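K.L.:
Take a look at start_17.txt, compact mmCIF, C-alpha atoms and all ligand atoms:
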# COMPACT_ATOMS: atom_id res chain seq x y z
CA MET A 1 -64.02 -227.33 55.55
CA GLN A 2 -60.77 -226.37 57.29
CA LYS A 3 -59.63 -229.99 57.05
CA LEU A 4 -60.19 -230.12 53.34
CA PHE A 5 -58.73 -226.72 52.55
CA VAL A 6 -55.06 -227.52 53.30
CA PRO A 7 -54.81 -230.68 51.16
CA ILE A 8 -56.60 -228.91 48.31
CA LEU A 9 -54.22 -225.96 48.62
CA ILE A 10 -51.19 -228.27 48.56
CA PHE A 11 -52.62 -230.17 45.63
CA SER A 12 -53.24 -226.96 43.67
CA LEU A 13 -49.78 -225.60 44.45
CA SER A 14 -48.03 -228.80 43.42
CA PHE A 15 -50.08 -228.80 40.23
CA LEU A 16 -49.00 -225.22 39.48
CA PHE A 17 -45.41 -226.14 40.27
CA CYS A 18 -45.40 -229.20 38.02
CA ASN A 19 -47.05 -227.24 35.27
CA SER A 20 -44.15 -224.83 35.04
CA TYR A 21 -41.92 -227.79 34.27
CA VAL A 22 -41.81 -229.87 31.14
CA ALA A 23 -40.95 -233.52 31.65
CA LEU A 24 -38.23 -234.45 29.19
CA GLY A 25 -37.17 -238.08 29.39
CA GLY A 26 -38.34 -238.20 33.00
CA VAL A 27 -36.13 -235.26 33.99
CA PRO A 28 -38.09 -232.19 35.07
CA VAL A 29 -36.78 -229.21 33.16
CA GLY A 30 -37.50 -225.59 34.00
CA ASP A 31 -37.55 -222.55 31.78
CA TRP A 32 -34.36 -220.78 30.78
CA ARG A 33 -33.99 -217.65 32.92
CA PRO A 34 -31.50 -214.86 32.26
CA VAL A 35 -28.62 -214.64 34.75
CA ASN A 36 -26.85 -211.55 36.03
CA PRO A 37 -23.34 -211.59 34.46
CA SER A 38 -21.90 -209.83 37.53
CA ASP A 39 -23.38 -212.31 40.03
CA PRO A 40 -20.36 -213.90 41.81
CA SER A 41 -21.76 -217.42 41.33
CA VAL A 42 -22.18 -216.79 37.58
CA ILE A 43 -18.61 -215.44 37.38
CA GLU A 44 -17.43 -218.58 39.17
CA ILE A 45 -19.16 -220.76 36.58
CA GLY A 46 -17.62 -218.67 33.78
CA LYS A 47 -14.11 -219.05 35.19
CA PHE A 48 -14.69 -222.75 35.72
CA ALA A 49 -15.75 -223.15 32.06
CA VAL A 50 -12.59 -221.45 30.77
CA ASP A 51 -10.29 -223.39 33.16
CA GLU A 52 -11.94 -226.69 32.33
CA HIS A 53 -11.79 -226.00 28.60
CA ASN A 54 -8.09 -225.14 28.91
CA LYS A 55 -7.47 -228.51 30.59
CA GLU A 56 -9.52 -230.50 28.10
CA ALA A 57 -8.33 -228.77 24.94
CA ASN A 58 -4.83 -227.87 26.14
CA THR A 59 -5.40 -224.19 25.38
CA ALA A 60 -4.43 -221.09 27.35
CA LEU A 61 -7.52 -218.91 27.22
CA ARG A 62 -7.68 -216.19 29.86
CA TYR A 63 -11.09 -215.51 31.39
CA ILE A 64 -12.17 -211.87 31.00
CA ASN A 65 -15.85 -211.76 31.92
CA VAL A 66 -19.29 -213.23 31.39
CA VAL A 67 -21.07 -211.27 28.66
CA ASN A 68 -24.53 -212.70 29.27
CA GLY A 69 -26.19 -215.99 29.96
CA LYS A 70 -29.13 -217.97 31.16
CA SER A 71 -29.75 -220.84 33.53
CA GLN A 72 -32.24 -223.64 33.76
CA LEU A 73 -33.26 -225.93 36.61
CA GLU A 74 -32.83 -229.57 35.65
CA VAL A 75 -30.48 -232.07 37.33
CA GLY A 76 -28.97 -229.21 39.33
CA VAL A 77 -28.62 -225.95 37.44
CA LYS A 78 -27.58 -225.81 33.81
CA TYR A 79 -25.85 -222.59 32.77
CA ASN A 80 -25.47 -221.44 29.20
CA LEU A 81 -23.07 -218.49 29.21
CA THR A 82 -21.46 -216.27 26.63
CA ILE A 83 -17.98 -215.73 28.04
CA GLN A 84 -15.31 -213.34 26.90
CA ALA A 85 -11.82 -214.81 27.10
CA ALA A 86 -8.48 -213.71 25.71
CA ASP A 87 -6.87 -215.83 23.08
CA GLY A 88 -3.46 -214.16 23.14
CA THR A 89 -4.12 -210.40 23.17
CA PHE A 90 -7.65 -210.25 21.87
CA GLY A 91 -10.85 -210.91 23.75
CA LYS A 92 -13.25 -213.21 21.94
CA ASN A 93 -16.63 -214.61 22.85
CA TYR A 94 -17.19 -218.27 23.63
CA GLN A 95 -20.38 -220.17 24.41
CA ALA A 96 -20.17 -222.52 27.39
CA VAL A 97 -22.71 -224.88 28.90
CA VAL A 98 -22.06 -226.03 32.49
CA ARG A 99 -24.06 -228.28 34.78
CA ASP A 100 -23.70 -227.36 38.45
CA MET A 101 -24.77 -229.72 41.25
CA PRO A 102 -23.74 -227.90 44.45
CA TRP A 103 -25.03 -230.58 46.83
CA ARG A 104 -22.70 -233.11 45.17
CA LYS A 105 -19.93 -230.55 44.78
CA SER A 106 -19.99 -231.51 41.13
CA ARG A 107 -19.63 -229.20 38.14
CA VAL A 108 -19.35 -230.42 34.57
CA LEU A 109 -18.48 -228.54 31.40
CA LEU A 110 -20.98 -229.89 28.87
CA SER A 111 -19.81 -227.84 25.91
CA PHE A 112 -17.49 -224.99 25.06
CA GLU A 113 -17.69 -223.49 21.61
CA GLY A 114 -16.07 -220.61 19.86
CA PRO A 115 -14.85 -218.11 19.23
CA ILE A 116 -18.43 -217.26 18.19
C1 LIG B 201 -26.93 -221.62 24.48
O1 LIG B 201 -27.34 -220.33 24.09
C2 LIG B 201 -27.01 -220.03 22.74
C3 LIG B 201 -27.37 -218.58 22.49
O2 LIG B 201 -28.66 -218.27 22.95
C4 LIG B 201 -27.72 -221.00 21.80
O3 LIG B 201 -27.36 -220.74 20.48
C5 LIG B 201 -27.33 -222.42 22.17
O4 LIG B 201 -28.07 -223.34 21.40
C6 LIG B 201 -27.61 -222.68 23.65
N1 LIG B 201 -27.14 -224.02 24.02
C7 LIG B 201 -27.85 -224.82 24.82
C8 LIG B 201 -27.25 -226.15 25.12
O5 LIG B 201 -28.94 -224.50 25.27
Go through the file and emit its structure as structure tokens.
P.N.:
Amino acid sequence: MQKLFVPILIFSLSFLFCNSYVALGGVPVGDWRPVNPSDPSVIEIGKFAVDEHNKEANTALRYINVVNGKSQLEVGVKYNLTIQAADGTFGKNYQAVVRDMPWRKSRVLLSFEGPI
């Protein structure tokens, strides 16, 4: 009984775990979860998105803060943040999607839209 219990437990747990994911094109994708806009790692992603957008689009937006956002486990963590940035004097909201893969030290700006 003892011998059977552990494998069954592991099997059940892995089933539960897999169930909370939806396989999309072979990539396991988790649910979108809200992030805390004042979490330092979220702020870092927000600043990265503005910096990266400035490089790509040759703009001079100034990061102000993350308004709100959500993240999803997929290949690394995908963040979808509403970011406030100053275009000249006025703060406007932008929507940025960033993929973060800390173990590869890789961070990619997937999209940056706005002002929204
Ligand atoms: C990001 O979130 C916004 C607002 O909820 C939504 O309109 C947009 O489609 C999302 N983008 C992605 C790639 O999930």
K.L.:
For ligand LIG 201 (chain B), what centre and edge lengths in Å (one decimal) does the axis-aligned box get once 6 Å is added on each side of all its listed atoms, as JSON?
P.N.:
{"center_x": -27.9, "center_y": -222.2, "center_z": 22.9, "size_x": 14.0, "size_y": 19.9, "size_z": 16.8}
K.L.:
Write as a compact mmCIF listing (two decimals) with C-alpha atoms, keeping the file's coordinate frame the residues around ligand LIG 201 (chain B), taking 12 Å as the cut-off and counting all atoms listed in the file.
P.N.:
# COMPACT_ATOMS: atom_id res chain seq x y z
CA ASP A 31 -37.55 -222.55 31.78
CA TRP A 32 -34.36 -220.78 30.78
CA ARG A 33 -33.99 -217.65 32.92
CA PRO A 34 -31.50 -214.86 32.26
CA VAL A 67 -21.07 -211.27 28.66
CA ASN A 68 -24.53 -212.70 29.27
CA GLY A 69 -26.19 -215.99 29.96
CA LYS A 70 -29.13 -217.97 31.16
CA SER A 71 -29.75 -220.84 33.53
CA GLN A 72 -32.24 -223.64 33.76
CA LYS A 78 -27.58 -225.81 33.81
CA TYR A 79 -25.85 -222.59 32.77
CA ASN A 80 -25.47 -221.44 29.20
CA LEU A 81 -23.07 -218.49 29.21
CA THR A 82 -21.46 -216.27 26.63
CA ILE A 83 -17.98 -215.73 28.04
CA ASN A 93 -16.63 -214.61 22.85
CA TYR A 94 -17.19 -218.27 23.63
CA GLN A 95 -20.38 -220.17 24.41
CA ALA A 96 -20.17 -222.52 27.39
CA VAL A 97 -22.71 -224.88 28.90
CA VAL A 98 -22.06 -226.03 32.49
CA ARG A 99 -24.06 -228.28 34.78
CA LEU A 109 -18.48 -228.54 31.40
CA LEU A 110 -20.98 -229.89 28.87
CA SER A 111 -19.81 -227.84 25.91
CA PHE A 112 -17.49 -224.99 25.06
CA GLU A 113 -17.69 -223.49 21.61
CA GLY A 114 -16.07 -220.61 19.86
CA ILE A 116 -18.43 -217.26 18.19
K.L.:
For Lys105 of chain A, which residue out of A:Gly76, A:Val35, A:Ile64, A:Ala86 is the nearest one, using all atoms listed in the file?
P.N.:
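Of A:Gly76, A:Val35, A:Ile64, A:Ala86, the one nearest Lys105 of chain A, counting all atoms listed in the file, is A:Gly76.
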K.L.:
For Lys92 of chain A, which residue out of A:Asn58, A:Ser106, A:Ser38, A:Asn65 is the nearest one, using all atoms listed in the file?
P.N.:
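So, comparing all the options, the nearest one is A:Asn65.
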K.L.:
May I ask for the distance between atom CA of Val108 of chain A and atom CA of Leu61 of chain A, given in Å to one decimal place?
P.N.:
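It comes out at 18.1 Å.
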K.L.:
Could you check the closest approach to Ser41 of chain A for each of A:Lys55, A:Gly91, A:Val77, A:Ala85 and tell me which residue wins, using all atoms listed in the file?
P.N.:
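Closest to Ser41 of chain A, using all atoms listed in the file: A:Val77.
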K.L.:
Can you measure atom CA of Ala60 of chain A to atom CA of Asp39 of chain A for me? One decimal in Å is fine.
P.N.:
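So the answer is 24.4 Å.
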K.L.:
Using Å and a single decimal, report how far atom CA of Asn36 of chain A sits from atom CA of Asn54 of chain A.
P.N.:
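We find that atom CA of Asn54 of chain A and atom CA of Asn36 of chain A lie 24.2 Å from each other.
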